[in-house]
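What follows is the content of final_38.txt, which has compact mmCIF, C-alpha atoms:
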# COMPACT_ATOMS: atom_id res chain seq x y z
CA MET A 15 -46.00 -2.64 0.66
CA ASN A 16 -47.07 -5.32 -1.72
CA ASN A 17 -43.70 -5.27 -3.38
CA ASN A 18 -41.97 -5.75 -0.04
CA GLN A 19 -44.16 -8.68 0.83
CA GLN A 20 -43.57 -10.28 -2.51
CA SER A 21 -39.83 -9.77 -2.29
CA SER A 22 -39.68 -11.23 1.22
CA GLU A 23 -41.70 -14.23 0.09
CA GLY A 24 -39.39 -14.60 -2.87
CA ARG A 25 -36.44 -14.53 -0.52
CA HIS A 26 -37.95 -17.25 1.62
CA ASP A 27 -38.41 -19.40 -1.45
CA ASP A 28 -34.87 -18.72 -2.54
CA ASP A 29 -33.52 -19.58 0.87
CA ALA A 30 -35.54 -22.78 0.95
CA ALA A 31 -34.30 -23.76 -2.49
CA LEU A 32 -30.74 -22.97 -1.49
CA SER A 33 -30.86 -25.05 1.67
CA GLU A 34 -32.38 -27.90 -0.30
CA PHE A 35 -29.62 -27.65 -2.85
CA LEU A 36 -26.94 -27.67 -0.19
CA ALA A 37 -28.53 -30.69 1.45
CA SER A 38 -28.65 -32.50 -1.88
CA LEU A 39 -24.97 -31.73 -2.35
CA MET A 40 -24.13 -34.04 0.50
CA ASP A 41 -25.88 -36.90 -1.30
CA TYR A 42 -24.29 -36.15 -4.64
CA THR A 43 -20.74 -37.40 -5.00
CA PRO A 44 -18.82 -35.21 -7.41
CA THR A 45 -16.39 -36.91 -9.73
CA ILE A 46 -13.50 -34.94 -8.36
CA PRO A 47 -12.69 -36.55 -5.01
CA ASP A 48 -12.85 -34.39 -1.91
CA GLU A 49 -9.20 -34.98 -0.99
CA LEU A 50 -8.01 -33.63 -4.33
CA VAL A 51 -10.22 -30.57 -4.06
CA GLU A 52 -8.94 -29.94 -0.55
CA HIS A 53 -5.37 -30.16 -1.82
CA TYR A 54 -5.97 -27.51 -4.47
CA LEU A 55 -7.95 -25.31 -2.10
CA ALA A 56 -5.18 -25.45 0.48
CA LYS A 57 -2.69 -24.45 -2.21
CA SER A 58 -4.74 -21.37 -3.03
CA GLY A 59 -5.39 -20.20 0.50
CA PHE A 60 -9.05 -21.12 0.69
CA GLN A 61 -9.99 -21.97 4.25
CA CYS A 62 -13.33 -23.39 5.08
CA PRO A 63 -14.39 -26.02 7.59
CA ASP A 64 -17.69 -26.66 5.80
CA VAL A 65 -17.68 -29.78 3.62
CA ARG A 66 -20.61 -28.52 1.58
CA LEU A 67 -18.62 -25.62 0.20
CA ILE A 68 -15.85 -27.98 -0.87
CA ARG A 69 -18.41 -30.08 -2.67
CA LEU A 70 -19.86 -26.92 -4.24
CA VAL A 71 -16.49 -25.99 -5.66
CA ALA A 72 -15.98 -29.54 -6.92
CA VAL A 73 -19.39 -29.55 -8.59
CA ALA A 74 -18.73 -26.16 -10.17
CA THR A 75 -15.48 -27.40 -11.67
CA GLN A 76 -17.14 -30.56 -12.88
CA LYS A 77 -19.88 -28.53 -14.53
CA PHE A 78 -17.31 -26.31 -16.23
CA ILE A 79 -15.36 -29.26 -17.63
CA ALA A 80 -18.54 -31.01 -18.69
CA GLU A 81 -19.61 -27.91 -20.61
CA VAL A 82 -16.23 -27.64 -22.31
CA ALA A 83 -16.29 -31.33 -23.21
CA ASN A 84 -19.82 -31.00 -24.50
CA ASP A 85 -18.93 -28.07 -26.71
CA SER A 86 -15.93 -29.89 -28.15
CA LEU A 87 -18.16 -32.91 -28.81
CA GLN A 88 -20.51 -30.65 -30.75
CA HIS A 89 -17.58 -29.35 -32.78
CA CYS A 90 -16.41 -32.91 -33.47
CA LYS A 91 -19.85 -34.03 -34.61
CA ALA A 92 -20.30 -30.94 -36.75
CA ARG A 93 -17.03 -31.71 -38.47
CA GLN A 94 -18.04 -35.30 -39.07
CA ALA A 95 -21.46 -34.31 -40.40
CA SER A 96 -19.91 -31.93 -42.90
CA ILE A 97 -17.94 -34.78 -44.44
CA ILE A 98 -20.75 -36.46 -46.38
CA LYS A 99 -19.64 -39.83 -47.69
CA ASP A 100 -21.03 -43.35 -48.03
CA LYS A 101 -23.18 -44.72 -45.25
CA ARG A 102 -20.39 -47.07 -44.14
CA ASP A 103 -17.88 -44.30 -43.61
CA LYS A 104 -20.38 -42.26 -41.63
CA GLN A 105 -21.10 -45.08 -39.23
CA GLN A 106 -17.45 -45.80 -38.76
CA LYS A 107 -16.66 -42.19 -38.04
CA ASP A 108 -19.58 -41.78 -35.64
CA LYS A 109 -18.18 -44.50 -33.48
CA ARG A 110 -14.80 -42.87 -33.21
CA THR A 111 -15.39 -39.65 -31.38
CA ILE A 112 -11.93 -38.60 -30.36
CA LEU A 113 -11.22 -35.53 -28.32
CA THR A 114 -8.65 -33.67 -30.39
CA MET A 115 -6.70 -30.53 -29.70
CA GLU A 116 -8.50 -28.77 -32.52
CA ASP A 117 -11.96 -29.23 -31.04
CA LEU A 118 -10.78 -28.44 -27.55
CA SER A 119 -9.16 -25.17 -28.56
CA LYS A 120 -12.29 -24.12 -30.47
CA ALA A 121 -14.48 -24.91 -27.48
CA LEU A 122 -12.19 -23.17 -25.00
CA ARG A 123 -11.99 -20.00 -27.05
CA GLU A 124 -15.55 -19.14 -26.03
CA TYR A 125 -14.55 -19.44 -22.40
CA GLY A 126 -11.69 -17.02 -22.81
CA VAL A 127 -8.94 -19.63 -22.74
CA ASN A 128 -6.52 -19.47 -25.66
CA VAL A 129 -4.94 -22.81 -26.38
CA LYS A 130 -2.64 -22.91 -29.36
CA HIS A 131 -1.28 -26.24 -30.43
CA GLN A 132 1.83 -26.89 -32.41
CA GLU A 133 0.78 -28.67 -35.57
CA TYR A 134 3.90 -30.67 -36.10
CA PHE A 135 7.46 -30.90 -34.94
CA ALA A 136 10.25 -31.04 -37.46
CA ASP A 137 13.48 -32.99 -37.01
CA SER A 138 15.77 -30.19 -38.14
CA PRO A 139 15.45 -26.71 -39.58
CA THR A 140 15.97 -27.96 -43.11
CA THR A 141 13.30 -30.63 -43.04
CA GLY A 142 10.87 -30.29 -45.88
CA LEU A 143 13.00 -27.88 -47.90
CA ASP A 144 14.14 -28.39 -51.48
CA PRO A 145 17.20 -30.65 -51.85
CA ALA A 146 19.11 -27.81 -53.54
CA SER A 147 18.74 -25.47 -50.59
CA ARG A 148 19.26 -28.30 -48.12
CA ASP A 149 22.75 -28.97 -49.47
CA GLU A 150 23.73 -25.45 -48.60
CA MET B 22 15.51 -31.65 -0.38
CA ASN B 23 13.08 -34.08 1.09
CA SER B 24 10.35 -31.51 1.30
CA GLN B 25 11.01 -30.46 -2.29
CA GLU B 26 10.83 -34.02 -3.50
CA SER B 27 7.65 -34.66 -1.62
CA GLU B 28 6.12 -31.51 -3.03
CA THR B 29 6.84 -32.46 -6.63
CA ASP B 30 5.61 -35.99 -5.99
CA LEU B 31 2.48 -34.57 -4.47
CA SER B 32 1.81 -32.32 -7.42
CA LYS B 33 2.44 -35.21 -9.83
CA PHE B 34 0.07 -37.35 -7.85
CA ALA B 35 -2.58 -34.64 -7.85
CA PHE B 36 -2.13 -34.19 -11.59
CA THR B 37 -2.55 -37.89 -12.25
CA VAL B 38 -5.68 -38.11 -10.12
CA THR B 39 -7.16 -35.07 -11.86
CA ARG B 40 -6.38 -36.63 -15.24
CA ILE B 41 -8.34 -39.74 -14.37
CA THR B 42 -11.23 -37.53 -13.27
CA MET B 43 -11.18 -35.62 -16.55
CA ALA B 44 -11.15 -38.87 -18.51
CA GLN B 45 -14.24 -40.02 -16.61
CA ILE B 46 -16.04 -36.75 -17.31
CA CYS B 47 -15.19 -36.95 -21.02
CA GLN B 48 -16.43 -40.49 -21.14
CA SER B 49 -19.72 -39.50 -19.50
CA VAL B 50 -20.18 -36.70 -22.05
CA GLY B 51 -19.81 -39.14 -24.93
CA PHE B 52 -16.22 -39.30 -26.09
CA MET B 53 -14.79 -42.69 -26.93
CA SER B 54 -11.15 -41.76 -26.64
CA THR B 55 -8.87 -38.79 -26.46
CA GLN B 56 -5.38 -37.75 -27.42
CA ARG B 57 -2.90 -37.82 -24.58
CA SER B 58 -1.75 -34.23 -24.92
CA THR B 59 -5.33 -33.03 -25.11
CA LEU B 60 -6.18 -34.80 -21.87
CA ASN B 61 -3.15 -33.26 -20.20
CA THR B 62 -4.24 -29.83 -21.38
CA LEU B 63 -7.77 -30.37 -20.09
CA THR B 64 -6.39 -31.51 -16.75
CA ASP B 65 -4.26 -28.42 -16.48
CA ILE B 66 -7.24 -26.21 -17.27
CA ALA B 67 -9.40 -27.93 -14.67
CA ALA B 68 -6.71 -27.46 -12.02
CA ARG B 69 -6.35 -23.80 -12.96
CA TYR B 70 -10.11 -23.27 -12.80
CA LEU B 71 -10.30 -24.83 -9.36
CA ARG B 72 -7.43 -22.75 -8.09
CA ALA B 73 -8.82 -19.59 -9.67
CA LEU B 74 -12.14 -20.19 -7.92
CA ALA B 75 -10.41 -20.78 -4.62
CA GLU B 76 -8.13 -17.76 -4.95
CA SER B 77 -11.01 -15.53 -5.89
CA ALA B 78 -13.11 -16.71 -2.97
CA ALA B 79 -10.19 -16.31 -0.58
CA ALA B 80 -9.62 -12.78 -1.89
CA TYR B 81 -13.26 -11.88 -1.33
CA ALA B 82 -13.09 -13.25 2.19
CA ALA B 83 -9.92 -11.29 2.89
CA SER B 84 -11.41 -8.09 1.56
CA PHE B 85 -14.19 -8.44 4.10
CA GLY B 86 -11.60 -8.87 6.82
CA GLY B 87 -11.99 -12.59 7.44
CA THR B 88 -9.79 -15.59 6.92
CA GLN B 89 -12.44 -18.21 6.24
CA SER B 90 -14.54 -18.10 3.13
CA ASN B 91 -18.27 -18.63 3.22
CA LEU B 92 -20.99 -19.26 0.68
CA CYS B 93 -21.23 -15.62 -0.39
CA ASP B 94 -17.55 -15.52 -1.24
CA VAL B 95 -17.84 -18.67 -3.31
CA VAL B 96 -20.85 -17.29 -5.17
CA HIS B 97 -19.00 -14.05 -5.86
CA ALA B 98 -16.07 -16.06 -7.20
CA LEU B 99 -18.37 -18.15 -9.39
CA GLU B 100 -19.94 -15.05 -10.86
CA ASN B 101 -16.48 -13.59 -11.40
CA LEU B 102 -15.31 -16.57 -13.38
CA GLY B 103 -18.62 -16.98 -15.15
CA SER B 104 -18.69 -13.41 -16.38
CA VAL B 105 -16.57 -14.39 -19.38
CA GLN B 106 -19.17 -16.81 -20.65
CA GLY B 107 -22.08 -14.83 -19.31
CA PHE B 108 -25.01 -15.85 -17.16
CA CYS B 109 -28.62 -14.82 -16.83
CA SER B 110 -28.61 -11.71 -14.71
CA ALA B 111 -25.07 -10.51 -15.34
CA TRP B 112 -26.50 -7.18 -16.46
CA ASP B 113 -28.02 -6.60 -13.05
CA VAL B 114 -25.36 -4.57 -11.30
CA ARG B 115 -27.64 -3.30 -8.54
CA ARG B 116 -28.65 -6.77 -7.61
CA THR B 117 -32.43 -6.75 -7.46
CA ARG B 118 -32.14 -10.40 -6.55
CA THR B 119 -30.09 -11.44 -3.59
CA LEU B 120 -26.67 -12.95 -3.98
CA LEU B 121 -27.80 -16.34 -2.77
CA ALA B 122 -30.42 -16.49 -5.52
CA SER B 123 -27.73 -16.04 -8.13
CA PRO B 124 -28.37 -17.80 -11.44
CA THR B 125 -24.98 -19.51 -11.15
CA LEU B 126 -26.26 -21.36 -8.12
CA VAL B 127 -29.50 -22.13 -9.90
CA ASP B 128 -27.55 -23.59 -12.82
CA LEU B 129 -25.49 -25.66 -10.46
CA SER B 130 -28.54 -27.06 -8.74
CA LYS B 131 -30.01 -28.00 -12.12
CA PHE B 132 -26.76 -29.69 -13.06
CA VAL B 133 -26.81 -31.70 -9.85
CA GLU B 134 -30.39 -32.78 -10.46
CA CYS B 135 -29.99 -33.72 -14.11
CA VAL B 136 -26.55 -35.25 -14.34
CA ASP B 137 -25.96 -38.67 -12.86
CA GLU B 138 -23.31 -39.22 -10.33
CA ILE B 139 -19.95 -40.36 -11.58
CA PRO B 140 -18.07 -41.52 -8.50
CA PHE B 141 -14.34 -41.58 -8.80
CA ALA B 142 -12.83 -44.79 -10.10
CA LYS B 143 -10.52 -45.68 -7.25
CA PRO B 144 -10.32 -44.70 -3.61
CA VAL B 145 -7.92 -41.85 -3.06
CA PRO B 146 -5.67 -42.15 -0.04
CA ARG B 147 -5.70 -39.10 2.17
CA CYS B 148 -2.34 -37.38 2.15
CA PRO B 149 -0.75 -37.39 5.59
CA PRO B 150 -0.18 -33.91 6.97
CA LEU B 151 3.30 -32.52 6.34
CA GLU B 152 5.64 -32.59 9.28
CA LYS B 153 5.34 -29.45 11.24
CA ARG B 154 8.66 -27.76 11.61
CA VAL B 155 9.34 -27.07 15.24
CA ILE B 156 11.62 -24.14 15.79
CA THR B 157 13.82 -25.00 18.73
CA SER B 158 16.32 -22.55 20.03
CA GLN B 159 19.40 -24.65 20.51
CA ALA B 160 21.05 -22.13 22.70
CA ALA B 161 18.73 -19.84 24.53
CA ASN B 162 19.24 -16.20 23.80
CA PRO B 163 20.79 -14.28 26.66
CA THR B 164 18.13 -13.07 29.02
CA GLY B 165 19.29 -9.50 28.89
CA VAL B 166 18.45 -9.25 25.23
CA SER B 167 14.81 -8.28 25.45
CA HIS B 168 14.42 -6.80 22.01
CA ILE B 169 15.09 -10.07 20.23
CA PRO B 170 11.99 -12.32 19.98
CA LYS B 171 12.31 -15.77 21.47
CA TRP B 172 11.21 -17.62 18.38
CA LEU B 173 14.26 -16.52 16.42
CA PRO B 174 17.19 -18.91 16.38
CA ALA B 175 20.01 -18.11 18.71
CA PHE B 176 23.01 -16.08 17.69
CA PRO B 177 26.04 -18.03 16.55
CA ARG B 178 28.70 -18.69 19.11
CA ARG B 179 30.57 -15.60 20.11
CA GLU B 180 34.25 -15.86 19.29
CA ILE B 181 36.54 -13.37 20.85
CA SER B 182 38.58 -12.32 17.82
CA ASN B 183 41.96 -10.67 17.86
CA VAL B 184 42.05 -6.97 18.32
CA LYS B 185 44.30 -6.66 15.30
CA GLU B 186 41.75 -8.27 13.11
CA THR B 187 39.10 -5.89 14.30
CA GLN B 188 41.29 -2.94 13.55
CA GLU B 189 42.07 -4.15 10.06
CA VAL B 190 38.48 -4.76 9.35
CA GLU B 191 37.67 -1.28 10.58
CA ARG B 192 40.18 0.28 8.25
CA SER B 193 39.11 -1.63 5.24
CA GLU B 194 35.47 -0.99 5.73
CA ILE B 195 35.42 2.63 6.50
CA GLY B 196 32.39 4.21 5.16
CA ILE B 197 28.77 4.06 5.86
CA GLU B 198 28.95 0.53 7.18
CA LEU B 199 30.78 1.60 10.27
CA CYS B 200 27.83 1.31 12.53
CA GLY B 201 27.87 -2.42 12.31
CA LYS B 202 30.98 -4.43 11.81
CA VAL B 203 30.77 -7.69 9.96
CA ASP B 204 32.43 -10.29 12.11
CA GLY B 205 32.20 -13.91 11.21
CA GLY B 206 29.32 -13.32 8.87
CA CYS B 207 26.87 -11.84 11.29
CA LEU B 208 26.19 -8.29 12.16
CA VAL B 209 27.36 -7.76 15.66
CA SER B 210 25.27 -5.56 17.87
CA LYS B 211 26.59 -2.43 19.37
CA ARG B 212 26.65 -3.75 22.86
CA MET B 213 28.68 -6.76 21.96
CA ARG B 214 31.13 -4.62 20.05
CA VAL B 215 31.96 -2.69 23.12
CA GLY B 216 33.03 -5.88 24.78
CA LEU B 217 35.24 -6.98 21.87
CA LEU B 218 37.36 -3.90 21.41
CA LEU B 219 39.86 -3.96 24.20
CA GLU B 220 42.54 -1.58 23.06
CA LYS B 221 42.28 2.09 22.87
CA ARG B 222 41.93 3.08 19.29
CA ASP B 223 43.79 5.66 17.35
CA ARG B 224 42.71 9.00 16.23
CA VAL B 225 40.67 8.99 13.09
CA ARG B 226 40.25 11.83 10.70
CA PHE B 227 37.53 12.04 8.09
CA LYS B 228 36.86 14.29 5.21
CA MET B 229 33.39 14.44 3.80
CA GLY B 230 32.12 16.24 0.78
CA PHE B 231 29.29 16.33 -1.68
CA GLY B 232 28.68 12.98 -3.21
CA VAL B 233 31.47 10.49 -2.93
CA GLY B 234 34.65 11.75 -1.48
CA ARG B 235 37.77 10.21 -0.22
CA GLY B 236 38.56 9.99 3.39
CA LYS B 237 41.94 9.53 4.85
CA VAL B 238 42.33 7.47 7.91
CA LYS B 239 45.22 7.34 10.21
CA GLY B 240 45.56 4.49 12.51
CA GLY B 241 48.45 2.73 14.06
CA GLY B 242 50.98 4.54 11.96
CA GLU B 243 49.49 3.48 8.69
CA VAL B 244 47.61 5.70 6.42
CA GLY B 245 44.76 4.07 4.74
CA GLU B 246 42.21 5.44 2.40
CA GLY B 247 38.59 4.79 2.48
CA ILE B 248 35.78 5.98 0.37
CA VAL B 249 33.29 8.02 2.21
CA GLY B 250 30.09 8.61 0.41
CA VAL B 251 27.77 10.85 2.29
CA ASP B 252 25.51 13.24 0.53
CA LEU B 253 25.10 16.31 2.61
CA ARG B 254 22.96 18.14 0.14
CA ASN B 255 19.82 17.94 2.15
CA GLY B 256 20.49 21.25 3.72
CA VAL B 257 21.91 19.83 6.87
CA CYS B 258 25.23 21.48 6.32
CA ARG B 259 24.62 25.17 6.16
CA GLY B 260 28.10 26.41 6.71
CA GLY B 261 29.41 28.47 9.53
CA ARG B 262 30.79 27.40 12.79
CA ARG B 263 28.87 25.22 15.06
CA GLU B 264 29.49 24.48 18.66
CA GLU B 265 31.07 21.25 19.50
CA GLY B 266 29.20 18.65 21.29
CA LYS B 267 25.88 19.60 19.78
CA GLY B 268 24.37 17.11 17.46
CA CYS B 269 23.48 19.21 14.48
CA HIS B 270 24.69 16.79 11.89
CA ALA B 271 22.49 14.03 13.01
CA LYS B 272 23.06 11.88 9.95
CA VAL B 273 26.77 12.02 10.21
CA ILE B 274 26.71 11.33 13.91
CA GLY B 275 24.52 8.37 13.28
CA ILE B 276 27.13 6.98 10.97
CA LEU B 277 30.16 7.70 13.03
CA MET B 278 28.94 6.26 16.22
CA MET B 279 32.22 5.10 17.57
CA ILE B 280 33.94 8.40 17.01
CA LYS B 281 33.66 11.13 19.55
CA ILE B 282 33.70 14.39 17.72
CA GLU B 283 35.99 16.82 19.38
CA LYS B 284 36.24 19.54 16.89
CA MET B 285 34.18 20.36 13.91
CA THR B 286 34.68 23.00 11.35
CA THR B 287 32.83 23.66 8.17
CA ARG B 288 34.35 25.18 5.15
CA ARG B 289 32.97 26.61 2.03
CA GLY B 290 31.66 24.12 -0.39
CA GLY B 291 30.22 22.04 2.31
CA ILE B 292 33.28 20.10 3.23
CA VAL B 293 33.16 19.15 6.86
CA MET B 294 36.26 18.30 8.75
CA PHE B 295 36.00 16.09 11.75
CA GLN B 296 38.66 15.45 14.25
CA GLY B 297 37.92 12.99 16.85
CA LYS B 298 38.98 10.05 18.88
CA ALA B 299 37.83 6.59 18.19
CA GLU B 300 36.33 5.19 21.29
CA GLY B 301 37.09 1.70 22.40
Would you write the structure of this file as structure tokens?
Amino acid sequence: MNNNQQSSEGRHDDDAALSEFLASLMDYTPTIPDELVEHYLAKSGFQCPDVRLIRLVAVATQKFIAEVANDSLQHCKARQASIIKDKRDKQQKDKRTILTMEDLSKALREYGVNVKHQEYFADSPTTGLDPASRDE
Amino acid sequence: MNSQESETDLSKFAFTVTRITMAQICQSVGFMSTQRSTLNTLTDIAARYLRALAESAAAYAASFGGTQSNLCDVVHALENLGSVQGFCSAWDVRRTRTLLASPTLVDLSKFVECVDEIPFAKPVPRCPPLEKRVITSQAANPTGVSHIPKWLPAFPRREISNVKETQEVERSEIGIELCGKVDGGCLVSKRMRVGLLLEKRDRVRFKMGFGVGRGKVKGGGEVGEGIVGVDLRNGVCRGGRREEGKGCHAKVIGILMMIKIEKMTTRRGGIVMFQGKAEG
């Protein structure tokens, strides 16, 4: 009996928190505009008249991308910290945090997304070979 | 073509808008700049995530027999996609906590509280709805044709072709396709065929065997050959005489609709000889 009461009280709290969250969603403007989200949702067959659910999906995507970006930033900073040089170089490098393919692919691997990037593109098949073999 | 062009333009537009959004998110996280290809990749991933969420939620809604998704479907989809990374109570298969108290929602609410708003840089114009295609039947279907739905386009104009042409077509296309003759690119219905064939048709003789056999056709003094491929191995043809007029070879009768079978004999080996008149 006590357990049931506690669980029902817990549910009330959960419901209250959920309704608060949904209400706060209407105040929060996600970065991804609603029209864009609606376009993608319509493409996938998602039908819902409720604006709050659209905002929920937008916020979820924003959170996902923010996490990925954060992880790649951590990778970038870890790489910069490992290169210990003079104080000047460190400051210069700290300012230039560039999102590279390397960091992004490392960050995405934990999310189950495999992104492989071509390192370089050669002009012809014989580029970079010895001149003797190139003549052939 | 116009619709195709507008679709590609629309997808390009959506991609560009998403790219700006991703750039804003990266900037808010702390990046100063990014490579162009990396930003394109991130945009693609964001679009795929959004669509995966939507597809998953739509699938959950459909599995419950509805067309519109609700909060529970979205939460299911979120948990589905978050299972790769893992979340707090992913181990809890029996769900001691309700779905709406899912930790994914809790994480989202924390994200909304902590992270500042980043409104989109420019106003996005709302895409006008695509023109609805109105199916108009240019020529109303004949009223007697009740089995054809009204929303289908009308049949092409009926042209009364020469009888000779019909006969030639018949001879050249002898085989299983006899039940519908191809005239002018459309399959003519049985009823209309009866109206087209004016002359009385010649006697037609067929020979059918196991697998693909050759059938000889006599018509109008010419002897033509057609390939008849009817497999009678299903046990329909059991040998022995059968009375005429009785439809024991239902398959064959279905194929040779226009031919009235007068006499039928079966021989050993399953070869069935038909002699009949072609009805006009």
With all atoms listed in the file counted and 7 Å as the cut-off, give the residues of chain A in contact with chain B, each with its shortest interatomic distance in Å and the pair that gives it, as CSV.
residue,atom,partner,partner_atom,distance
A:Asp28,CA,B:Ala122,CA,5.8
A:Phe35,CA,B:Ser130,CA,6.0
A:Tyr42,CA,B:Glu138,CA,6.5
A:Thr43,CA,B:Pro140,CA,6.0
A:Pro44,CA,B:Pro140,CA,6.4
A:Thr45,CA,B:Pro140,CA,5.1
A:Ile46,CA,B:Thr42,CA,6.0
A:Pro47,CA,B:Phe141,CA,6.5
A:Glu49,CA,B:Arg147,CA,6.3
A:Leu50,CA,B:Ala35,CA,6.5
A:Tyr54,CA,B:Arg72,CA,6.2
A:Leu55,CA,B:Ala75,CA,5.7
A:Ser58,CA,B:Glu76,CA,5.3
A:Gly59,CA,B:Ala79,CA,6.3
A:Phe60,CA,B:Ala79,CA,5.1
A:Gln61,CA,B:Gln89,CA,4.9
A:Cys62,CA,B:Gln89,CA,5.4
A:Leu67,CA,B:Leu92,CA,6.8
A:Ala74,CA,B:Leu129,CA,6.8
A:Thr75,CA,B:Leu71,CA,6.2
A:Ile79,CA,B:Ala67,CA,6.8
A:Ala80,CA,B:Ile46,CA,6.4
A:Ala83,CA,B:Cys47,CA,6.1
A:Asn84,CA,B:Val50,CA,6.2
A:Arg110,CA,B:Met53,CA,6.3
A:Thr111,CA,B:Phe52,CA,5.4
A:Ile112,CA,B:Ser54,CA,4.9
A:Leu113,CA,B:Thr55,CA,4.4
A:Thr114,CA,B:Gln56,CA,6.0
A:Met115,CA,B:Thr59,CA,5.4
A:Glu124,CA,B:Gln106,CA,6.9
A:Tyr125,CA,B:Gln106,CA,5.6
A:Gly126,CA,B:Val105,CA,6.5
Coordinates-based distance that separates CA of Ala72 in chain A from CA of Leu87 in chain A (Å, one decimal) = 22.3 Å
Between CA of Glu133 in chain A and CA of Ser119 in chain A, what is the distance, to one decimal in Å?
-> 12.7 Å
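Among the candidates A:Tyr134, A:Pro63, A:Asp29, A:Leu122, the residue lying nearest to Glu81 in chain A is A:Leu122 (atoms considered: all atoms listed in the file).
For the pair CA of Ser110 in chain B and CA of Asp65 in chain B, the separation is 29.6 Å.
When all atoms listed in the file are used to compute distances to Asp41 in chain A, the closest of the residues A:Val127, A:Arg69, A:Ala56, A:Asp64 turns out to be A:Arg69.
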